[in-house]
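Listing of target37.cif, mmCIF, C-alpha atoms
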data_entry
loop_
_atom_site.group_PDB
_atom_site.id
_atom_site.type_symbol
_atom_site.label_atom_id
_atom_site.label_comp_id
_atom_site.auth_asym_id
_atom_site.auth_seq_id
_atom_site.Cartn_x
_atom_site.Cartn_y
_atom_site.Cartn_z
ATOM 1 C CA MET A 1 0.000 0.000 0.000
ATOM 2 C CA LYS A 2 2.789 2.363 1.012
ATOM 3 C CA GLY A 3 4.779 1.329 -2.058
ATOM 4 C CA LYS A 4 1.845 2.239 -4.263
ATOM 5 C CA ARG A 5 1.546 5.595 -2.554
ATOM 6 C CA CYS A 6 5.280 6.227 -3.150
ATOM 7 C CA ALA A 7 4.919 5.290 -6.808
ATOM 8 C CA ILE A 8 1.927 7.640 -7.246
ATOM 9 C CA LEU A 9 3.790 10.490 -5.505
ATOM 10 C CA PHE A 10 6.780 9.945 -7.753
ATOM 11 C CA LEU A 11 4.612 9.866 -10.863
ATOM 12 C CA VAL A 12 2.786 13.074 -9.889
ATOM 13 C CA PHE A 13 6.089 14.810 -9.178
ATOM 14 C CA PHE A 14 7.589 13.671 -12.461
ATOM 15 C CA THR A 15 4.505 14.662 -14.470
ATOM 16 C CA ALA A 16 4.422 18.094 -12.816
ATOM 17 C CA LEU A 17 8.069 18.684 -13.634
ATOM 18 C CA SER A 18 7.853 17.525 -17.225
ATOM 19 C CA GLY A 19 4.751 19.675 -17.666
ATOM 20 C CA CYS A 20 6.752 22.788 -16.802
ATOM 21 C CA SER A 21 8.690 22.805 -20.036
ATOM 22 C CA GLN A 22 5.973 21.716 -22.465
ATOM 23 C CA GLY A 23 4.936 25.084 -23.922
ATOM 24 C CA GLU A 24 8.426 26.525 -24.224
ATOM 25 C CA GLY A 25 9.722 23.334 -25.838
ATOM 26 C CA LYS A 26 7.151 23.549 -28.569
ATOM 27 C CA ALA A 27 7.995 27.201 -29.171
ATOM 28 C CA VAL A 28 11.689 26.372 -29.574
ATOM 29 C CA ALA A 29 10.949 23.420 -31.855
ATOM 30 C CA GLY A 30 9.122 25.823 -34.144
ATOM 31 C CA ASN A 31 12.081 28.206 -34.323
ATOM 32 C CA MET A 32 14.394 25.988 -36.290
ATOM 33 C CA ASN A 33 17.095 27.410 -38.517
ATOM 34 C CA GLU A 34 16.598 31.123 -38.170
ATOM 35 C CA ALA A 35 18.857 34.086 -38.691
ATOM 36 C CA ALA A 36 18.285 37.758 -37.991
ATOM 37 C CA ALA A 37 20.270 40.953 -38.014
ATOM 38 C CA VAL A 38 19.874 43.591 -35.314
ATOM 39 C CA SER A 39 19.421 46.248 -37.963
ATOM 40 C CA HIS A 40 16.440 44.386 -39.395
ATOM 41 C CA ASP A 41 15.740 46.898 -42.150
ATOM 42 C CA ASP A 42 19.257 46.690 -43.546
ATOM 43 C CA GLY A 43 19.030 44.168 -46.383
ATOM 44 C CA GLU A 44 22.775 43.698 -46.663
ATOM 45 C CA GLU A 45 23.107 42.813 -42.971
ATOM 46 C CA ARG A 46 20.217 40.404 -43.221
ATOM 47 C CA GLU A 47 21.746 38.786 -46.269
ATOM 48 C CA LYS A 48 25.043 38.302 -44.440
ATOM 49 C CA ALA A 49 23.239 36.749 -41.460
ATOM 50 C CA GLU A 50 21.543 34.322 -43.868
ATOM 51 C CA GLN A 51 24.904 33.475 -45.445
ATOM 52 C CA MET A 52 26.369 32.719 -42.021
ATOM 53 C CA LYS A 53 23.415 30.504 -41.172
ATOM 54 C CA GLU A 54 23.763 28.600 -44.455
ATOM 55 C CA ALA A 55 27.506 28.188 -43.844
ATOM 56 C CA ALA A 56 26.772 26.642 -40.443
ATOM 57 C CA LEU A 57 24.034 24.423 -41.862
ATOM 58 C CA SER A 58 26.424 23.057 -44.484
ATOM 59 C CA MET A 59 27.979 20.867 -41.769
ATOM 60 C CA LYS A 60 26.318 17.445 -41.872
ATOM 61 C CA GLU A 61 25.949 17.233 -38.065
ATOM 62 C CA MET A 62 23.789 20.375 -37.829
ATOM 63 C CA LYS A 63 20.135 19.995 -36.949
ATOM 64 C CA ASN A 64 19.108 23.539 -35.975
ATOM 65 C CA VAL A 65 20.892 26.861 -36.201
ATOM 66 C CA CYS A 66 19.879 30.174 -34.610
ATOM 67 C CA LEU A 67 21.903 33.254 -35.465
ATOM 68 C CA VAL A 68 21.691 36.914 -34.518
ATOM 69 C CA LYS A 69 24.033 39.363 -36.195
ATOM 70 C CA GLY A 70 24.812 42.548 -34.352
ATOM 71 C CA LYS A 71 26.988 45.440 -35.453
ATOM 72 C CA LYS A 72 29.933 44.410 -33.261
ATOM 73 C CA GLN A 73 29.378 40.743 -32.643
ATOM 74 C CA THR A 74 27.311 37.769 -33.737
ATOM 75 C CA VAL A 75 25.848 34.881 -31.767
ATOM 76 C CA LEU A 76 25.486 31.490 -33.431
ATOM 77 C CA ALA A 77 23.778 28.766 -31.433
ATOM 78 C CA PHE A 78 23.283 25.308 -32.846
ATOM 79 C CA GLN A 79 21.842 21.900 -32.099
ATOM 80 C CA VAL A 80 23.267 18.689 -33.544
ATOM 81 C CA TYR A 81 21.602 15.384 -34.387
ATOM 82 C CA HIS A 82 21.405 13.203 -31.313
ATOM 83 C CA ARG A 83 23.998 10.683 -32.508
ATOM 84 C CA HIS A 84 26.604 13.474 -32.645
ATOM 85 C CA ARG A 85 25.979 14.778 -29.113
ATOM 86 C CA PHE A 86 29.119 13.147 -27.705
ATOM 87 C CA ARG A 87 31.259 15.181 -30.126
ATOM 88 C CA MET A 88 29.606 18.553 -29.537
ATOM 89 C CA GLU A 89 32.763 20.233 -28.195
ATOM 90 C CA LYS A 90 34.697 19.164 -31.285
ATOM 91 C CA ILE A 91 31.873 20.235 -33.621
ATOM 92 C CA GLN A 92 31.740 23.632 -31.894
ATOM 93 C CA LYS A 93 35.492 24.053 -32.359
ATOM 94 C CA ASP A 94 35.340 23.008 -36.021
ATOM 95 C CA LEU A 95 32.386 25.299 -36.733
ATOM 96 C CA SER A 96 34.092 28.196 -34.974
ATOM 97 C CA GLU A 97 37.199 27.741 -37.116
ATOM 98 C CA GLU A 98 35.109 27.391 -40.267
ATOM 99 C CA MET A 99 33.223 30.610 -39.518
ATOM 100 C CA LYS A 100 36.480 32.459 -38.818
ATOM 101 C CA LYS A 101 37.830 31.280 -42.144
ATOM 102 C CA ARG A 102 34.710 32.258 -44.118
ATOM 103 C CA PHE A 103 33.935 35.507 -42.291
ATOM 104 C CA PRO A 104 37.289 36.844 -41.024
ATOM 105 C CA ASP A 105 35.918 40.345 -40.306
ATOM 106 C CA GLU A 106 33.136 39.136 -38.018
ATOM 107 C CA LYS A 107 33.380 38.392 -34.315
ATOM 108 C CA ILE A 108 31.245 35.266 -33.976
ATOM 109 C CA THR A 109 30.424 33.469 -30.726
ATOM 110 C CA VAL A 110 29.582 29.840 -31.481
ATOM 111 C CA SER A 111 27.786 27.746 -28.895
ATOM 112 C CA TYR A 112 26.081 24.370 -28.617
ATOM 113 C CA ASP A 113 24.561 25.280 -25.251
ATOM 114 C CA PHE A 114 20.783 24.886 -25.165
ATOM 115 C CA LYS A 115 20.308 28.016 -23.066
ATOM 116 C CA ILE A 116 22.166 30.094 -25.642
ATOM 117 C CA PHE A 117 20.024 28.534 -28.363
ATOM 118 C CA LEU A 118 16.891 29.391 -26.413
ATOM 119 C CA GLU A 119 17.950 32.985 -25.718
ATOM 120 C CA THR A 120 19.046 33.540 -29.320
ATOM 121 C CA SER A 121 15.743 32.186 -30.576
ATOM 122 C CA ARG A 122 13.821 34.510 -28.224
ATOM 123 C CA LEU A 123 15.885 37.460 -29.411
ATOM 124 C CA ILE A 124 15.178 36.640 -33.059
ATOM 125 C CA HIS A 125 11.464 36.693 -32.349
ATOM 126 C CA LYS A 126 11.748 40.015 -30.545
ATOM 127 C CA ILE A 127 13.697 41.550 -33.444
ATOM 128 C CA ARG A 128 11.253 40.252 -36.051
ATOM 129 C CA SER A 129 8.208 41.407 -34.137
ATOM 130 C CA GLY A 130 9.842 44.780 -33.554
ATOM 131 C CA THR A 131 9.384 44.656 -29.774
ATOM 132 C CA ILE A 132 13.063 45.403 -29.112
ATOM 133 C CA SER A 133 15.125 48.396 -30.227
ATOM 134 C CA GLY A 134 18.486 48.024 -31.985
ATOM 135 C CA GLU A 135 20.406 49.306 -28.990
ATOM 136 C CA LYS A 136 18.658 46.919 -26.619
ATOM 137 C CA ALA A 137 19.193 44.044 -29.026
ATOM 138 C CA GLU A 138 22.943 44.805 -29.074
ATOM 139 C CA LYS A 139 22.934 44.763 -25.277
ATOM 140 C CA GLU A 140 21.038 41.484 -25.315
ATOM 141 C CA ILE A 141 23.672 39.963 -27.609
ATOM 142 C CA GLY A 142 26.332 41.088 -25.129
ATOM 143 C CA ARG A 143 24.380 39.456 -22.301
ATOM 144 C CA ILE A 144 24.085 36.168 -24.245
ATOM 145 C CA VAL A 145 27.835 36.177 -24.952
ATOM 146 C CA ARG A 146 28.583 36.802 -21.249
ATOM 147 C CA LEU A 147 26.189 33.996 -20.307
ATOM 148 C CA ASN A 148 28.012 31.687 -22.695
ATOM 149 C CA ASN A 149 31.370 32.535 -21.122
ATOM 150 C CA GLU A 150 30.195 31.835 -17.568
ATOM 151 C CA LYS A 151 31.949 28.846 -16.069
ATOM 152 C CA THR A 152 30.154 28.360 -12.750
ATOM 153 C CA MET B 1 41.915 -19.281 12.704
ATOM 154 C CA ALA B 2 39.259 -20.964 10.640
ATOM 155 C CA ASN B 3 39.264 -24.732 10.367
ATOM 156 C CA PRO B 4 39.533 -25.676 6.664
ATOM 157 C CA LYS B 5 38.209 -29.197 7.197
ATOM 158 C CA LYS B 6 34.519 -29.470 7.821
ATOM 159 C CA THR B 7 32.964 -32.268 9.774
ATOM 160 C CA PRO B 8 30.344 -34.474 8.072
ATOM 161 C CA GLU B 9 27.711 -32.826 10.244
ATOM 162 C CA GLN B 10 28.766 -29.404 9.068
ATOM 163 C CA LYS B 11 28.659 -30.533 5.422
ATOM 164 C CA GLU B 12 25.242 -32.032 5.954
ATOM 165 C CA TYR B 13 24.057 -28.808 7.547
ATOM 166 C CA GLU B 14 25.422 -26.785 4.616
ATOM 167 C CA LYS B 15 23.430 -28.931 2.201
ATOM 168 C CA LEU B 16 20.323 -28.440 4.276
ATOM 169 C CA GLU B 17 20.952 -24.709 4.456
ATOM 170 C CA LYS B 18 21.355 -24.433 0.684
ATOM 171 C CA LYS B 19 18.159 -26.395 0.188
ATOM 172 C CA HIS B 20 16.132 -23.980 2.300
ATOM 173 C CA GLU B 21 18.004 -20.806 1.379
ATOM 174 C CA VAL B 22 15.913 -18.147 -0.333
ATOM 175 C CA LYS B 23 17.654 -17.366 -3.601
ATOM 176 C CA ARG B 24 18.235 -13.724 -4.355
ATOM 177 C CA PRO B 25 16.753 -12.619 -7.666
ATOM 178 C CA ILE B 26 19.972 -10.948 -8.859
ATOM 179 C CA TRP B 27 18.814 -10.190 -12.410
ATOM 180 C CA ARG B 28 15.519 -8.745 -11.239
ATOM 181 C CA ASN B 29 17.354 -6.624 -8.636
ATOM 182 C CA CYS B 30 19.764 -5.345 -11.296
ATOM 183 C CA LEU B 31 16.882 -4.475 -13.599
ATOM 184 C CA THR B 32 14.973 -2.684 -10.822
ATOM 185 C CA ALA B 33 18.093 -0.761 -9.788
ATOM 186 C CA PHE B 34 18.663 0.173 -13.424
ATOM 187 C CA TRP B 35 15.221 1.580 -14.154
ATOM 188 C CA VAL B 36 14.759 3.308 -10.791
ATOM 189 C CA GLY B 37 18.239 4.871 -11.070
ATOM 190 C CA GLY B 38 17.328 5.876 -14.626
ATOM 191 C CA LEU B 39 14.089 7.425 -13.395
ATOM 192 C CA PHE B 40 16.080 9.532 -10.915
ATOM 193 C CA CYS B 41 18.208 10.713 -13.818
ATOM 194 C CA VAL B 42 15.083 11.630 -15.804
ATOM 195 C CA VAL B 43 13.846 13.704 -12.859
ATOM 196 C CA GLY B 44 17.310 15.300 -12.650
ATOM 197 C CA GLN B 45 17.191 16.101 -16.364
ATOM 198 C CA ALA B 46 13.735 17.666 -15.959
ATOM 199 C CA ILE B 47 15.070 19.841 -13.110
ATOM 200 C CA THR B 48 18.058 20.855 -15.267
ATOM 201 C CA TYR B 49 15.694 21.987 -18.045
ATOM 202 C CA PHE B 50 13.567 23.804 -15.486
ATOM 203 C CA TYR B 51 16.612 25.838 -14.413
ATOM 204 C CA ILE B 52 17.644 26.457 -18.023
ATOM 205 C CA TYR B 53 14.177 27.629 -19.096
ATOM 206 C CA PHE B 54 13.213 29.780 -16.157
ATOM 207 C CA PHE B 55 16.545 31.008 -14.748
ATOM 208 C CA ASN B 56 19.827 32.298 -16.149
ATOM 209 C CA PHE B 57 21.590 28.938 -16.117
ATOM 210 C CA THR B 58 23.348 27.410 -19.091
ATOM 211 C CA GLU B 59 23.809 23.672 -19.675
ATOM 212 C CA LYS B 60 27.203 23.978 -17.987
ATOM 213 C CA THR B 61 26.036 25.886 -14.914
ATOM 214 C CA ALA B 62 22.611 24.273 -14.410
ATOM 215 C CA SER B 63 24.184 21.086 -13.061
ATOM 216 C CA ASN B 64 25.091 22.744 -9.726
ATOM 217 C CA PRO B 65 21.551 23.753 -8.630
ATOM 218 C CA THR B 66 20.230 20.473 -10.069
ATOM 219 C CA VAL B 67 22.505 18.431 -7.815
ATOM 220 C CA ALA B 68 21.559 20.598 -4.827
ATOM 221 C CA THR B 69 17.840 20.167 -5.591
ATOM 222 C CA MET B 70 18.125 16.405 -6.011
ATOM 223 C CA ILE B 71 19.986 16.109 -2.688
ATOM 224 C CA PHE B 72 17.401 18.330 -0.990
ATOM 225 C CA LEU B 73 14.507 16.255 -2.386
ATOM 226 C CA SER B 74 16.087 13.008 -1.212
ATOM 227 C CA MET B 75 16.639 14.566 2.229
ATOM 228 C CA VAL B 76 12.961 15.547 2.462
ATOM 229 C CA LEU B 77 11.851 12.106 1.258
ATOM 230 C CA THR B 78 14.162 10.479 3.833
ATOM 231 C CA GLY B 79 12.714 12.693 6.561
ATOM 232 C CA PHE B 80 9.196 11.555 5.667
ATOM 233 C CA GLY B 81 10.323 7.919 5.533
ATOM 234 C CA ILE B 82 9.540 7.522 1.831
ATOM 235 C CA TYR B 83 13.122 7.105 0.622
ATOM 236 C CA ASP B 84 13.556 4.023 2.850
ATOM 237 C CA HIS B 85 10.880 2.248 0.833
ATOM 238 C CA ILE B 86 12.430 3.361 -2.446
ATOM 239 C CA GLY B 87 15.796 2.138 -1.138
ATOM 240 C CA GLN B 88 14.378 -1.256 -0.178
ATOM 241 C CA PHE B 89 12.732 -1.615 -3.557
ATOM 242 C CA ALA B 90 15.515 -0.304 -5.790
ATOM 243 C CA GLY B 91 18.692 -1.088 -3.789
ATOM 244 C CA ALA B 92 21.736 0.336 -5.568
ATOM 245 C CA GLY B 93 19.419 2.210 -7.954
ATOM 246 C CA SER B 94 18.591 4.586 -5.127
ATOM 247 C CA ALA B 95 22.040 4.587 -3.470
ATOM 248 C CA VAL B 96 24.339 5.221 -6.427
ATOM 249 C CA PRO B 97 22.826 8.477 -7.778
ATOM 250 C CA VAL B 98 23.560 11.682 -5.857
ATOM 251 C CA THR B 99 20.262 11.253 -3.972
ATOM 252 C CA GLY B 100 21.923 8.450 -2.001
ATOM 253 C CA PHE B 101 24.221 11.057 -0.492
ATOM 254 C CA GLY B 102 21.305 13.059 0.929
ATOM 255 C CA ASN B 103 19.764 9.869 2.238
ATOM 256 C CA ALA B 104 23.017 8.874 3.977
ATOM 257 C CA VAL B 105 23.298 12.281 5.697
ATOM 258 C CA ILE B 106 19.720 12.511 6.940
ATOM 259 C CA SER B 107 19.275 8.884 7.954
ATOM 260 C CA ALA B 108 22.417 9.150 10.130
ATOM 261 C CA ALA B 109 21.107 12.398 11.634
ATOM 262 C CA ILE B 110 17.721 10.811 12.425
ATOM 263 C CA GLU B 111 19.363 7.703 13.858
ATOM 264 C CA HIS B 112 21.510 9.670 16.316
ATOM 265 C CA ARG B 113 18.929 12.338 17.161
ATOM 266 C CA THR B 114 18.309 10.799 20.592
ATOM 267 C CA GLU B 115 21.964 11.318 21.579
ATOM 268 C CA GLY B 116 21.549 15.105 21.409
ATOM 269 C CA PHE B 117 22.223 17.775 18.815
ATOM 270 C CA VAL B 118 25.969 18.196 19.321
ATOM 271 C CA LEU B 119 27.241 14.738 20.204
ATOM 272 C CA GLY B 120 24.447 12.951 18.387
ATOM 273 C CA VAL B 121 23.398 14.737 15.213
ATOM 274 C CA GLY B 122 26.499 16.951 14.850
ATOM 275 C CA SER B 123 29.050 14.184 15.328
ATOM 276 C CA ASN B 124 27.311 11.429 13.431
ATOM 277 C CA MET B 125 25.579 13.238 10.577
ATOM 278 C CA PHE B 126 28.501 12.681 8.200
ATOM 279 C CA LYS B 127 29.392 9.252 9.499
ATOM 280 C CA LEU B 128 28.498 7.652 6.169
ATOM 281 C CA ALA B 129 28.619 10.665 3.883
ATOM 282 C CA GLY B 130 32.014 11.790 5.284
ATOM 283 C CA SER B 131 33.864 9.135 3.296
ATOM 284 C CA VAL B 132 32.028 10.219 0.134
ATOM 285 C CA ILE B 133 33.122 13.840 0.682
ATOM 286 C CA LEU B 134 36.698 12.887 1.587
ATOM 287 C CA PHE B 135 37.328 10.563 -1.342
ATOM 288 C CA GLY B 136 35.313 12.749 -3.699
ATOM 289 C CA VAL B 137 37.416 15.805 -2.888
ATOM 290 C CA PHE B 138 40.646 13.821 -2.941
ATOM 291 C CA SER B 139 39.916 12.119 -6.273
ATOM 292 C CA ALA B 140 38.883 15.492 -7.758
ATOM 293 C CA PHE B 141 42.219 16.912 -6.564
ATOM 294 C CA VAL B 142 44.169 14.024 -8.120
ATOM 295 C CA VAL B 143 42.278 14.250 -11.423
ATOM 296 C CA SER B 144 42.750 18.034 -11.646
ATOM 297 C CA LEU B 145 46.445 17.619 -10.795
ATOM 298 C CA VAL B 146 46.880 15.043 -13.571
ATOM 299 C CA LYS B 147 44.931 17.262 -16.014
ATOM 300 C CA THR B 148 47.012 20.324 -15.098
ATOM 301 C CA ILE B 149 50.288 18.432 -15.521
ATOM 302 C CA LEU B 150 49.205 16.894 -18.817
ATOM 303 C CA SER B 151 47.919 20.170 -20.246
ATOM 304 C CA TYR B 152 51.096 21.967 -19.076
ATOM 305 C CA TRP B 153 53.375 19.378 -20.737
ATOM 306 C CA GLY B 154 51.092 18.623 -23.639
ATOM 307 C CA GLY B 155 50.664 22.294 -24.485
#
Would you mind writing the structure in this file as structure tokens?
Amino acid sequence: MKGKRCAILFLVFFTALSGCSQGEGKAVAGNMNEAAAVSHDDGEEREKAEQMKEAALSMKEMKNVCLVKGKKQTVLAFQVYHRHRFRMEKIQKDLSEEMKKRFPDEKITVSYDFKIFLETSRLIHKIRSGTISGEKAEKEIGRIVRLNNEKT
Amino acid sequence: MANPKKTPEQKEYEKLEKKHEVKRPIWRNCLTAFWVGGLFCVVGQAITYFYIYFFNFTEKTASNPTVATMIFLSMVLTGFGIYDHIGQFAGAGSAVPVTGFGNAVISAAIEHRTEGFVLGVGSNMFKLAGSVILFGVFSAFVVSLVKTILSYWGG
């Protein structure tokens, strides 16, 4: 009887926890492979952001890519196919080198971290919907880069 | 010193003992430990995602509050006497994950509560968990030392 009660408690706890992330997860799944430039009206900037995204997607391991191009720096967050997850550090290094080679003038922060992917995706939506100003978007990019560099 | 030669009576008794001995279901225990331990990991993963979604934690940094939360949950469950049942059911599946650490701390504290707060709880709380902390810290030190030396020489 007590065992059953424990099992039910565990199940309720687990269901409650997994329910927390349901809505957000769906939102992120819908934001696959997107690129945006902070100066959204500038066609050239947008075109360059698209080129960077395509360059990242040319790697066979890539599943999703989210990219935001600012005036000073760019954030590129990616997700790989599950079978490549053990090599994510190596893929990140390779992609970083590839981006440096293709776009030597750009300062690009490459990250496989899910939080960075999530934040970048949110920022893209804000830029596209026009709910964030260019200056604030630049600051947001800076915050994402700092978040990525945090060790503890 | 143990006598290597057994008397016929002793041998007979051993046979009788084996006949009546309840056999441990090793494979079933392993399987139970595996899936319960796995379930703990699923809960841990859900907590990690919770911290990533709702707080400013990255995949790298979210592991710290996740571990703390898992230990806290196991401590609460031990306090309410629920973890004992999970432990009896799952065996190593409940002891090996980090939740086993919280269980070891609190169960020792509860056991020695009657001896007073200082000499009872204070002295005996880390009776079991103390060795985990000691060898955990020491092995982390050795590993970091080896890594530092290798990265210094290896470039």
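Of the residues listed (B:Ala108, B:Val146, B:Ile71, B:Val36), B:Val36 shows the shortest atom-to-atom separation from chain A; distances use all atoms listed in the file.
With atom CA of A:Lys63 on one side and atom CA of A:Glu89 on the other, the separation reads 15.4 Å.
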Self-check item: Ground truth for the PyMOL selection byres ((chain A and resi 147) around 12), written as a ChimeraX atom specification
Solution: /A:75,109,111,113-117,119-120,140-146,148-152 /B:52,55-62
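Candidate residues B:Thr78, B:Ser151, B:Thr99, B:Asn29 were compared for distance to B:Glu111, and the nearest is B:Thr78, using all atoms listed in the file.
Here the PyMOL selection byres ((chain B and resi 91) around 12) matches the residues Ile26, Arg28, Asn29, Cys30, Leu31, Thr32, Ala33, Phe34, Trp35, Val36, Gly37, Tyr83, Asp84, His85, Ile86, Gly87, Gln88, Phe89, Ala90, Ala92, Gly93, Ser94, Ala95, Val96, Pro97 and Gly100 of chain B.
Minimum distance to chain A across B:Asn103, B:Ser131, B:Gln45, B:Ser123 (counting all atoms listed in the file) occurs at B:Gln45.
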Self-check item: Two-atom distance - atom CA of B:Ile133, atom CA of B:Ala68 (Å)
Solution: 14.5 Å
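Using only C-alpha atoms, the set of residues no farther than 9 Å from the position (12.6, 30.5, -38.3) comprises Gly30, Asn31, Met32, Asn33, Glu34, Ala35, Cys66, Ser121, Ile124 and His125 of chain A.
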Exercise. May I have the protein, DNA and RNA residues with any atom at most 7 Å from the point (24.2, 44.4, -35.5), counting all atoms listed in the file, written as number ranges by chain?
Key: A: 37-39, 69-73, 138
Write the residues you've just listed into a file as a short mmCIF file (atom, residue, chain, number, x, y, z; two decimals), in the coordinates of the input, and include C-alpha atoms for each of them.
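Just written: out.cif:
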data_model
loop_
_atom_site.label_atom_id
_atom_site.label_comp_id
_atom_site.auth_asym_id
_atom_site.auth_seq_id
_atom_site.Cartn_x
_atom_site.Cartn_y
_atom_site.Cartn_z
CA ALA A 37 20.27 40.95 -38.01
CA VAL A 38 19.87 43.59 -35.31
CA SER A 39 19.42 46.25 -37.96
CA LYS A 69 24.03 39.36 -36.20
CA GLY A 70 24.81 42.55 -34.35
CA LYS A 71 26.99 45.44 -35.45
CA LYS A 72 29.93 44.41 -33.26
CA GLN A 73 29.38 40.74 -32.64
CA GLU A 138 22.94 44.80 -29.07
#
Self-check item: Neighbour list for A:Tyr112 as a list in words, cut-off 7 Å, only C-alpha atoms, skip fewer than 4 positions in-chain
Solution: Ala77, Phe78, Gln79, Met88 and Gln92 of chain A
Self-check item: Atom pair atom CA of B:Thr66 / atom CA of B:Phe101: separation (Å)
Solution: 14.0 Å
Exercise. On this file, the PyMOL selection byres ((chain A and resi 51) around 12) gives some set of residues; write that set as a ChimeraX atom specification.
Key: /A:34-37,44-50,52-58,67-69,99,102-103
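When all atoms listed in the file are used to measure the gap to chain A, the shortest distance among B:Val98, B:Val67, B:Ile82, B:Cys41 belongs to B:Ile82.
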Edge lengths and centre, in Å to one decimal, as AutoDock Vina command-line options: that's what I need for the box along x, y and z that holds all listed atoms of stretch 38-53 of chain A plus 3 Å on each side.
--center_x 21.1 --center_y 38.7 --center_z -41.0 --size_x 16.6 --size_y 22.4 --size_z 17.3
Quiz item: With only C-alpha atoms as the atoms that count, which of B:Leu128, B:Ile106, B:Leu16, B:Val43 lies nearest to chain A?
Solution: B:Val43
